[in-house]
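So this one's work_21.pdb, PDB, N, CA and C atoms:
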MODEL        1
ATOM      1  N   MET A   1      16.407 -44.526  17.111
ATOM      2  CA  MET A   1      17.226 -43.356  16.857
ATOM      3  C   MET A   1      16.373 -42.205  16.338
ATOM      4  N   ASN A   2      15.392 -42.520  15.527
ATOM      5  CA  ASN A   2      14.502 -41.508  14.972
ATOM      6  C   ASN A   2      13.735 -40.786  16.074
ATOM      7  N   SER A   3      13.357 -41.504  17.146
ATOM      8  CA  SER A   3      12.610 -40.896  18.241
ATOM      9  C   SER A   3      13.463 -39.916  19.031
ATOM     10  N   LEU A   4      14.795 -40.093  19.030
ATOM     11  CA  LEU A   4      15.687 -39.167  19.728
ATOM     12  C   LEU A   4      15.852 -37.866  18.948
ATOM     13  N   LEU A   5      15.770 -37.924  17.626
ATOM     14  CA  LEU A   5      15.952 -36.730  16.811
ATOM     15  C   LEU A   5      14.747 -35.795  16.883
ATOM     16  N   GLN A   6      13.574 -36.317  17.044
ATOM     17  CA  GLN A   6      12.374 -35.489  17.056
ATOM     18  C   GLN A   6      12.387 -34.454  18.190
ATOM     19  N   PRO A   7      12.651 -34.826  19.448
ATOM     20  CA  PRO A   7      12.669 -33.807  20.512
ATOM     21  C   PRO A   7      13.753 -32.761  20.300
ATOM     22  N   ARG A   8      14.904 -33.184  19.795
ATOM     23  CA  ARG A   8      15.989 -32.224  19.556
ATOM     24  C   ARG A   8      15.593 -31.238  18.459
ATOM     25  N   ARG A   9      15.022 -31.767  17.381
ATOM     26  CA  ARG A   9      14.598 -30.918  16.268
ATOM     27  C   ARG A   9      13.531 -29.936  16.729
ATOM     28  N   LEU A  10      12.604 -30.414  17.546
ATOM     29  CA  LEU A  10      11.551 -29.560  18.076
ATOM     30  C   LEU A  10      12.128 -28.456  18.953
ATOM     31  N   ALA A  11      13.089 -28.826  19.791
ATOM     32  CA  ALA A  11      13.723 -27.844  20.671
ATOM     33  C   ALA A  11      14.462 -26.784  19.861
ATOM     34  N   LEU A  12      15.157 -27.191  18.818
ATOM     35  CA  LEU A  12      15.871 -26.233  17.965
ATOM     36  C   LEU A  12      14.905 -25.298  17.247
ATOM     37  N   MET A  13      13.804 -25.855  16.773
ATOM     38  CA  MET A  13      12.819 -25.030  16.082
ATOM     39  C   MET A  13      12.179 -24.022  17.029
ATOM     40  N   LEU A  14      11.890 -24.433  18.254
ATOM     41  CA  LEU A  14      11.319 -23.511  19.241
ATOM     42  C   LEU A  14      12.308 -22.422  19.616
ATOM     43  N   ALA A  15      13.572 -22.781  19.765
ATOM     44  CA  ALA A  15      14.599 -21.791  20.100
ATOM     45  C   ALA A  15      14.741 -20.760  18.983
ATOM     46  N   ALA A  16      14.738 -21.218  17.742
ATOM     47  CA  ALA A  16      14.858 -20.308  16.605
ATOM     48  C   ALA A  16      13.644 -19.385  16.515
ATOM     49  N   ALA A  17      12.458 -19.945  16.733
ATOM     50  CA  ALA A  17      11.240 -19.132  16.659
ATOM     51  C   ALA A  17      11.213 -18.079  17.755
ATOM     52  N   SER A  18      11.617 -18.434  18.964
ATOM     53  CA  SER A  18      11.589 -17.459  20.052
ATOM     54  C   SER A  18      12.633 -16.370  19.837
ATOM     55  N   THR A  19      13.781 -16.729  19.275
ATOM     56  CA  THR A  19      14.815 -15.727  18.988
ATOM     57  C   THR A  19      14.313 -14.729  17.952
ATOM     58  N   LEU A  20      13.672 -15.240  16.903
ATOM     59  CA  LEU A  20      13.130 -14.341  15.884
ATOM     60  C   LEU A  20      12.030 -13.457  16.459
ATOM     61  N   GLY A  21      11.194 -14.008  17.309
ATOM     62  CA  GLY A  21      10.119 -13.235  17.921
ATOM     63  C   GLY A  21      10.640 -12.119  18.797
ATOM     64  N   LEU A  22      11.667 -12.414  19.590
ATOM     65  CA  LEU A  22      12.243 -11.391  20.469
ATOM     66  C   LEU A  22      12.959 -10.310  19.672
ATOM     67  N   SER A  23      13.621 -10.682  18.592
ATOM     68  CA  SER A  23      14.296  -9.658  17.787
ATOM     69  C   SER A  23      13.270  -8.759  17.103
ATOM     70  N   GLY A  24      12.121  -9.320  16.739
ATOM     71  CA  GLY A  24      11.055  -8.505  16.151
ATOM     72  C   GLY A  24      10.492  -7.519  17.145
ATOM     73  N   LEU A  25      10.350  -7.922  18.392
ATOM     74  CA  LEU A  25       9.876  -7.007  19.431
ATOM     75  C   LEU A  25      10.876  -5.885  19.668
ATOM     76  N   ALA A  26      12.144  -6.187  19.630
ATOM     77  CA  ALA A  26      13.164  -5.165  19.843
ATOM     78  C   ALA A  26      13.109  -4.114  18.745
ATOM     79  N   LEU A  27      12.856  -4.546  17.520
ATOM     80  CA  LEU A  27      12.775  -3.597  16.412
ATOM     81  C   LEU A  27      11.518  -2.740  16.489
ATOM     82  N   ALA A  28      10.456  -3.256  17.078
ATOM     83  CA  ALA A  28       9.184  -2.543  17.114
ATOM     84  C   ALA A  28       9.091  -1.549  18.262
ATOM     85  N   GLN A  29      10.074  -1.520  19.146
ATOM     86  CA  GLN A  29       9.995  -0.615  20.289
ATOM     87  C   GLN A  29      10.089   0.830  19.837
ATOM     88  N   SER A  30       9.360   1.687  20.512
ATOM     89  CA  SER A  30       9.354   3.112  20.209
ATOM     90  C   SER A  30      10.550   3.784  20.859
ATOM     91  N   THR A  31      10.996   4.876  20.262
ATOM     92  CA  THR A  31      12.085   5.645  20.841
ATOM     93  C   THR A  31      11.567   6.602  21.900
ATOM     94  N   GLY A  32      10.264   6.710  22.029
ATOM     95  CA  GLY A  32       9.686   7.588  23.033
ATOM     96  C   GLY A  32       9.283   8.948  22.495
ATOM     97  N   GLY A  33       9.788   9.342  21.353
ATOM     98  CA  GLY A  33       9.452  10.642  20.788
ATOM     99  C   GLY A  33       8.573  10.488  19.558
ATOM    100  N   PRO A  34       8.057  11.601  19.046
ATOM    101  CA  PRO A  34       7.209  11.527  17.853
ATOM    102  C   PRO A  34       8.041  11.152  16.631
ATOM    103  N   SER A  35       7.423  10.471  15.699
ATOM    104  CA  SER A  35       8.108  10.108  14.462
ATOM    105  C   SER A  35       8.205  11.342  13.567
ATOM    106  N   SER A  36       9.012  11.245  12.537
ATOM    107  CA  SER A  36       9.150  12.390  11.626
ATOM    108  C   SER A  36       7.835  12.682  10.912
ATOM    109  N   ALA A  37       7.019  11.654  10.675
ATOM    110  CA  ALA A  37       5.726  11.867  10.035
ATOM    111  C   ALA A  37       4.786  12.658  10.935
ATOM    112  N   GLU A  38       4.953  12.509  12.258
ATOM    113  CA  GLU A  38       4.084  13.219  13.192
ATOM    114  C   GLU A  38       4.514  14.669  13.393
ATOM    115  N   THR A  39       5.743  14.997  13.084
ATOM    116  CA  THR A  39       6.222  16.359  13.290
ATOM    117  C   THR A  39       6.264  17.172  12.006
ATOM    118  N   THR A  40       5.993  16.548  10.872
ATOM    119  CA  THR A  40       5.982  17.242   9.592
ATOM    120  C   THR A  40       4.557  17.684   9.278
ATOM    121  N   ALA A  41       4.415  18.941   8.911
ATOM    122  CA  ALA A  41       3.085  19.457   8.572
ATOM    123  C   ALA A  41       2.545  18.746   7.341
ATOM    124  N   PRO A  42       1.212  18.561   7.249
ATOM    125  CA  PRO A  42       0.633  17.890   6.085
ATOM    126  C   PRO A  42       0.993  18.611   4.796
ATOM    127  N   GLY A  43       1.429  17.875   3.819
ATOM    128  CA  GLY A  43       1.769  18.462   2.529
ATOM    129  C   GLY A  43       3.075  19.226   2.500
ATOM    130  N   ALA A  44       3.834  19.193   3.593
ATOM    131  CA  ALA A  44       5.067  19.975   3.667
ATOM    132  C   ALA A  44       6.237  19.310   2.954
ATOM    133  N   SER A  45       6.053  18.094   2.499
ATOM    134  CA  SER A  45       7.158  17.382   1.875
ATOM    135  C   SER A  45       7.504  17.946   0.494
ATOM    136  N   LYS A  46       6.573  18.655  -0.124
ATOM    137  CA  LYS A  46       6.860  19.255  -1.425
ATOM    138  C   LYS A  46       6.258  20.653  -1.478
ATOM    139  N   ALA A  47       6.782  21.444  -2.365
ATOM    140  CA  ALA A  47       6.304  22.827  -2.502
ATOM    141  C   ALA A  47       4.872  22.827  -3.037
ATOM    142  N   PRO A  48       4.045  23.766  -2.579
ATOM    143  CA  PRO A  48       2.666  23.817  -3.071
ATOM    144  C   PRO A  48       2.629  24.325  -4.510
ATOM    145  N   GLU A  49       1.633  23.881  -5.244
ATOM    146  CA  GLU A  49       1.508  24.366  -6.615
ATOM    147  C   GLU A  49       0.919  25.772  -6.598
ATOM    148  N   GLN A  50       1.051  26.466  -7.689
ATOM    149  CA  GLN A  50       0.623  27.871  -7.777
ATOM    150  C   GLN A  50      -0.872  28.019  -7.522
ATOM    151  N   ALA A  51      -1.692  27.089  -7.968
ATOM    152  CA  ALA A  51      -3.141  27.183  -7.754
ATOM    153  C   ALA A  51      -3.475  27.172  -6.269
ATOM    154  N   ALA A  52      -2.734  26.395  -5.477
ATOM    155  CA  ALA A  52      -2.968  26.336  -4.034
ATOM    156  C   ALA A  52      -2.548  27.639  -3.363
ATOM    157  N   ILE A  53      -1.497  28.254  -3.865
ATOM    158  CA  ILE A  53      -1.052  29.545  -3.324
ATOM    159  C   ILE A  53      -2.061  30.629  -3.689
ATOM    160  N   ASP A  54      -2.500  30.637  -4.947
ATOM    161  CA  ASP A  54      -3.463  31.638  -5.416
ATOM    162  C   ASP A  54      -4.793  31.535  -4.670
ATOM    163  N   ALA A  55      -5.208  30.325  -4.333
ATOM    164  CA  ALA A  55      -6.485  30.132  -3.643
ATOM    165  C   ALA A  55      -6.478  30.781  -2.261
ATOM    166  N   CYS A  56      -5.303  30.886  -1.651
ATOM    167  CA  CYS A  56      -5.223  31.454  -0.296
ATOM    168  C   CYS A  56      -4.842  32.932  -0.283
ATOM    169  N   LYS A  57      -4.789  33.544  -1.464
ATOM    170  CA  LYS A  57      -4.494  34.980  -1.523
ATOM    171  C   LYS A  57      -5.609  35.729  -0.790
ATOM    172  N   ASP A  58      -5.257  36.671   0.042
ATOM    173  CA  ASP A  58      -6.186  37.475   0.851
ATOM    174  C   ASP A  58      -6.945  36.631   1.872
ATOM    175  N   LYS A  59      -6.415  35.477   2.248
ATOM    176  CA  LYS A  59      -7.013  34.621   3.269
ATOM    177  C   LYS A  59      -6.049  34.518   4.439
ATOM    178  N   LYS A  60      -6.487  33.834   5.502
ATOM    179  CA  LYS A  60      -5.593  33.601   6.634
ATOM    180  C   LYS A  60      -5.530  32.100   6.906
ATOM    181  N   ALA A  61      -4.549  31.690   7.664
ATOM    182  CA  ALA A  61      -4.381  30.272   7.980
ATOM    183  C   ALA A  61      -5.644  29.734   8.636
ATOM    184  N   GLY A  62      -6.098  28.572   8.174
ATOM    185  CA  GLY A  62      -7.307  27.949   8.704
ATOM    186  C   GLY A  62      -8.535  28.179   7.856
ATOM    187  N   ASP A  63      -8.509  29.184   6.971
ATOM    188  CA  ASP A  63      -9.653  29.425   6.075
ATOM    189  C   ASP A  63      -9.753  28.290   5.068
ATOM    190  N   ARG A  64     -10.983  27.843   4.793
ATOM    191  CA  ARG A  64     -11.222  26.795   3.802
ATOM    192  C   ARG A  64     -11.364  27.448   2.432
ATOM    193  N   VAL A  65     -10.771  26.829   1.421
ATOM    194  CA  VAL A  65     -10.848  27.356   0.056
ATOM    195  C   VAL A  65     -11.146  26.227  -0.922
ATOM    196  N   ARG A  66     -11.752  26.596  -2.055
ATOM    197  CA  ARG A  66     -12.003  25.649  -3.146
ATOM    198  C   ARG A  66     -11.189  26.115  -4.343
ATOM    199  N   PHE A  67     -10.559  25.156  -5.007
ATOM    200  CA  PHE A  67      -9.781  25.479  -6.199
ATOM    201  C   PHE A  67      -9.612  24.215  -7.027
ATOM    202  N   THR A  68      -9.150  24.386  -8.250
ATOM    203  CA  THR A  68      -8.876  23.260  -9.144
ATOM    204  C   THR A  68      -7.364  23.153  -9.295
ATOM    205  N   ASP A  69      -6.828  21.961  -9.009
ATOM    206  CA  ASP A  69      -5.375  21.793  -9.066
ATOM    207  C   ASP A  69      -4.889  21.657 -10.513
ATOM    208  N   ALA A  70      -3.583  21.503 -10.682
ATOM    209  CA  ALA A  70      -2.973  21.453 -12.014
ATOM    210  C   ALA A  70      -3.447  20.258 -12.829
ATOM    211  N   LYS A  71      -3.907  19.194 -12.149
ATOM    212  CA  LYS A  71      -4.392  18.009 -12.857
ATOM    213  C   LYS A  71      -5.887  18.104 -13.169
ATOM    214  N   GLY A  72      -6.514  19.235 -12.797
ATOM    215  CA  GLY A  72      -7.935  19.435 -13.074
ATOM    216  C   GLY A  72      -8.852  18.881 -11.999
ATOM    217  N   LYS A  73      -8.285  18.459 -10.873
ATOM    218  CA  LYS A  73      -9.090  17.897  -9.785
ATOM    219  C   LYS A  73      -9.547  19.012  -8.853
ATOM    220  N   LYS A  74     -10.846  19.007  -8.513
ATOM    221  CA  LYS A  74     -11.385  20.039  -7.620
ATOM    222  C   LYS A  74     -11.003  19.707  -6.180
ATOM    223  N   ARG A  75     -10.512  20.692  -5.468
ATOM    224  CA  ARG A  75     -10.051  20.516  -4.093
ATOM    225  C   ARG A  75     -10.805  21.449  -3.158
ATOM    226  N   HIS A  76     -10.995  21.027  -1.921
ATOM    227  CA  HIS A  76     -11.580  21.847  -0.862
ATOM    228  C   HIS A  76     -10.677  21.660   0.348
ATOM    229  N   TRP A  77      -9.655  22.477   0.426
ATOM    230  CA  TRP A  77      -8.627  22.352   1.447
ATOM    231  C   TRP A  77      -8.616  23.590   2.326
ATOM    232  N   ALA A  78      -7.746  23.584   3.311
ATOM    233  CA  ALA A  78      -7.595  24.717   4.218
ATOM    234  C   ALA A  78      -6.243  25.374   3.978
ATOM    235  N   CYS A  79      -6.200  26.663   4.210
ATOM    236  CA  CYS A  79      -4.948  27.397   4.066
ATOM    237  C   CYS A  79      -4.064  27.150   5.292
ATOM    238  N   ALA A  80      -2.783  26.980   5.040
ATOM    239  CA  ALA A  80      -1.817  26.784   6.116
ATOM    240  C   ALA A  80      -0.492  27.380   5.675
ATOM    241  N   THR A  81       0.263  27.874   6.640
ATOM    242  CA  THR A  81       1.574  28.442   6.351
ATOM    243  C   THR A  81       2.644  27.410   6.655
ATOM    244  N   VAL A  82       3.404  27.060   5.635
ATOM    245  CA  VAL A  82       4.536  26.145   5.791
ATOM    246  C   VAL A  82       5.730  26.789   5.107
ATOM    247  N   ASP A  83       6.831  26.899   5.828
ATOM    248  CA  ASP A  83       8.053  27.539   5.324
ATOM    249  C   ASP A  83       7.776  28.947   4.811
ATOM    250  N   GLY A  84       6.894  29.665   5.496
ATOM    251  CA  GLY A  84       6.602  31.051   5.155
ATOM    252  C   GLY A  84       5.677  31.251   3.971
ATOM    253  N   VAL A  85       5.110  30.166   3.424
ATOM    254  CA  VAL A  85       4.220  30.274   2.265
ATOM    255  C   VAL A  85       2.814  29.858   2.676
ATOM    256  N   LEU A  86       1.842  30.775   2.505
ATOM    257  CA  LEU A  86       0.441  30.466   2.787
ATOM    258  C   LEU A  86      -0.148  29.825   1.535
ATOM    259  N   ALA A  87      -0.600  28.585   1.681
ATOM    260  CA  ALA A  87      -1.153  27.850   0.536
ATOM    261  C   ALA A  87      -2.176  26.851   1.041
ATOM    262  N   ALA A  88      -3.063  26.426   0.138
ATOM    263  CA  ALA A  88      -4.057  25.409   0.477
ATOM    264  C   ALA A  88      -3.337  24.079   0.646
ATOM    265  N   ARG A  89      -3.676  23.383   1.718
ATOM    266  CA  ARG A  89      -3.031  22.095   2.013
ATOM    267  C   ARG A  89      -4.093  21.101   2.461
ATOM    268  N   SER A  90      -3.894  19.846   2.147
ATOM    269  CA  SER A  90      -4.804  18.802   2.615
ATOM    270  C   SER A  90      -4.399  18.417   4.027
ATOM    271  N   GLY A  91      -5.351  17.900   4.782
ATOM    272  CA  GLY A  91      -5.045  17.392   6.110
ATOM    273  C   GLY A  91      -4.914  18.437   7.191
ATOM    274  N   VAL A  92      -5.286  19.668   6.928
ATOM    275  CA  VAL A  92      -5.198  20.722   7.936
ATOM    276  C   VAL A  92      -6.484  20.712   8.743
ATOM    277  N   ALA A  93      -6.365  20.600  10.052
ATOM    278  CA  ALA A  93      -7.546  20.555  10.919
ATOM    279  C   ALA A  93      -8.177  21.942  11.019
ATOM    280  N   THR A  94      -9.482  21.994  10.819
ATOM    281  CA  THR A  94     -10.233  23.236  10.963
ATOM    282  C   THR A  94     -11.529  22.928  11.693
ATOM    283  N   ALA A  95     -12.166  23.955  12.190
ATOM    284  CA  ALA A  95     -13.447  23.775  12.865
ATOM    285  C   ALA A  95     -14.487  23.300  11.860
ATOM    286  N   ALA A  96     -15.356  22.402  12.290
ATOM    287  CA  ALA A  96     -16.393  21.880  11.399
ATOM    288  C   ALA A  96     -17.395  22.966  11.025
ATOM    289  N   THR A  97     -17.732  23.808  11.974
ATOM    290  CA  THR A  97     -18.658  24.912  11.716
ATOM    291  C   THR A  97     -18.133  26.159  12.395
ATOM    292  N   THR A  98     -18.594  27.281  11.924
ATOM    293  CA  THR A  98     -18.226  28.548  12.551
ATOM    294  C   THR A  98     -19.196  28.782  13.719
ATOM    295  N   PRO A  99     -18.678  28.984  14.927
ATOM    296  CA  PRO A  99     -19.572  29.208  16.056
ATOM    297  C   PRO A  99     -20.402  30.469  15.864
ATOM    298  N   LYS A 100     -21.692  30.398  16.215
ATOM    299  CA  LYS A 100     -22.578  31.548  16.101
ATOM    300  C   LYS A 100     -22.347  32.485  17.280
ATOM    301  N   LYS A 101     -22.437  33.772  16.981
ATOM    302  CA  LYS A 101     -22.268  34.757  18.047
ATOM    303  C   LYS A 101     -23.536  34.818  18.890
ATOM    304  N   LYS A 102     -23.340  34.946  20.182
ATOM    305  CA  LYS A 102     -24.493  35.032  21.096
ATOM    306  C   LYS A 102     -25.113  36.409  21.019
ATOM    307  N   LYS A 103     -26.424  36.437  21.048
ATOM    308  CA  LYS A 103     -27.146  37.724  21.065
ATOM    309  C   LYS A 103     -27.124  38.258  22.487
ATOM    310  N   GLU A 104     -26.910  39.544  22.581
ATOM    311  CA  GLU A 104     -26.871  40.152  23.916
ATOM    312  C   GLU A 104     -28.120  40.911  24.205
TER     313      GLU A 104
ENDMDL
END
Since I need it in another form, could you write the structure as structure tokens?
Amino acid sequence: MNSLLQPRRLALMLAAASTLGLSGLALAQSTGGPSSAETTAPGASKAPEQAAIDACKDKKAGDRVRFTDAKGKKRHWACATVDGVLAARSGVATAATTPKKKKE
């Protein structure tokens, strides 16, 4: 009798494992569009601090600036406009170097 229970138990365990595996795949499928994290500008989740706004005064979007934040940490970020406010933000893509002008 014990030998009859083993194949049944094995079959039930395999069925349960495959069901869980398939449900996990269904949850992992993409909706086809970008996630909210991909469409939100870096640092846009909260308002910039005053030091970041002051650092970008008289600058334009994409300019790199250095400033010290409210916690005393030195930052080297780029200026970006989010919700109409130009402020230094982390994660803003900028050119690594400024291209040199060609001599004519």
One decimal, in Å: what's the spacing between atom C of Arg64 of chain A and atom CA of Ala88 of chain A?
7.8 Å
What is the distance between atom N of Lys46 of chain A and atom C of Asp58 of chain A, in Å to one decimal?
22.6 Å
Take the PyMOL selection byres (((chain A and resi 52 and name CA) around 9) and name CA), run it mentally on this structure, and tell me the resulting residues as a list in words.
Pro48, Glu49, Gln50, Ala51, Ile53, Asp54, Ala55, Cys56, Val65, Phe67, Thr68, Asp69, Trp77, Cys79, Leu86, Ala87, Ala88 and Arg89 of chain A
Enclose segment 53-60 of chain A, meaning all of its atoms listed in the file, in a box aligned along x, y and z, pad it by 4 Å on each side, and list the centre and edge lengths in Å to one decimal, as lines of an AutoDock Vina configuration file.
center_x = -4.0
center_y = 32.9
center_z = 0.7
size_x = 14.0
size_y = 17.2
size_z = 20.3
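Note that atom CA of Asp63 of chain A and atom CA of Asp83 of chain A are 17.8 Å apart.
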Helix (DSSP H, G or I) residues, from DSSP on the backbone, in segment 39-101 of chain A, as number ranges by chain:
A: 39, 50-55
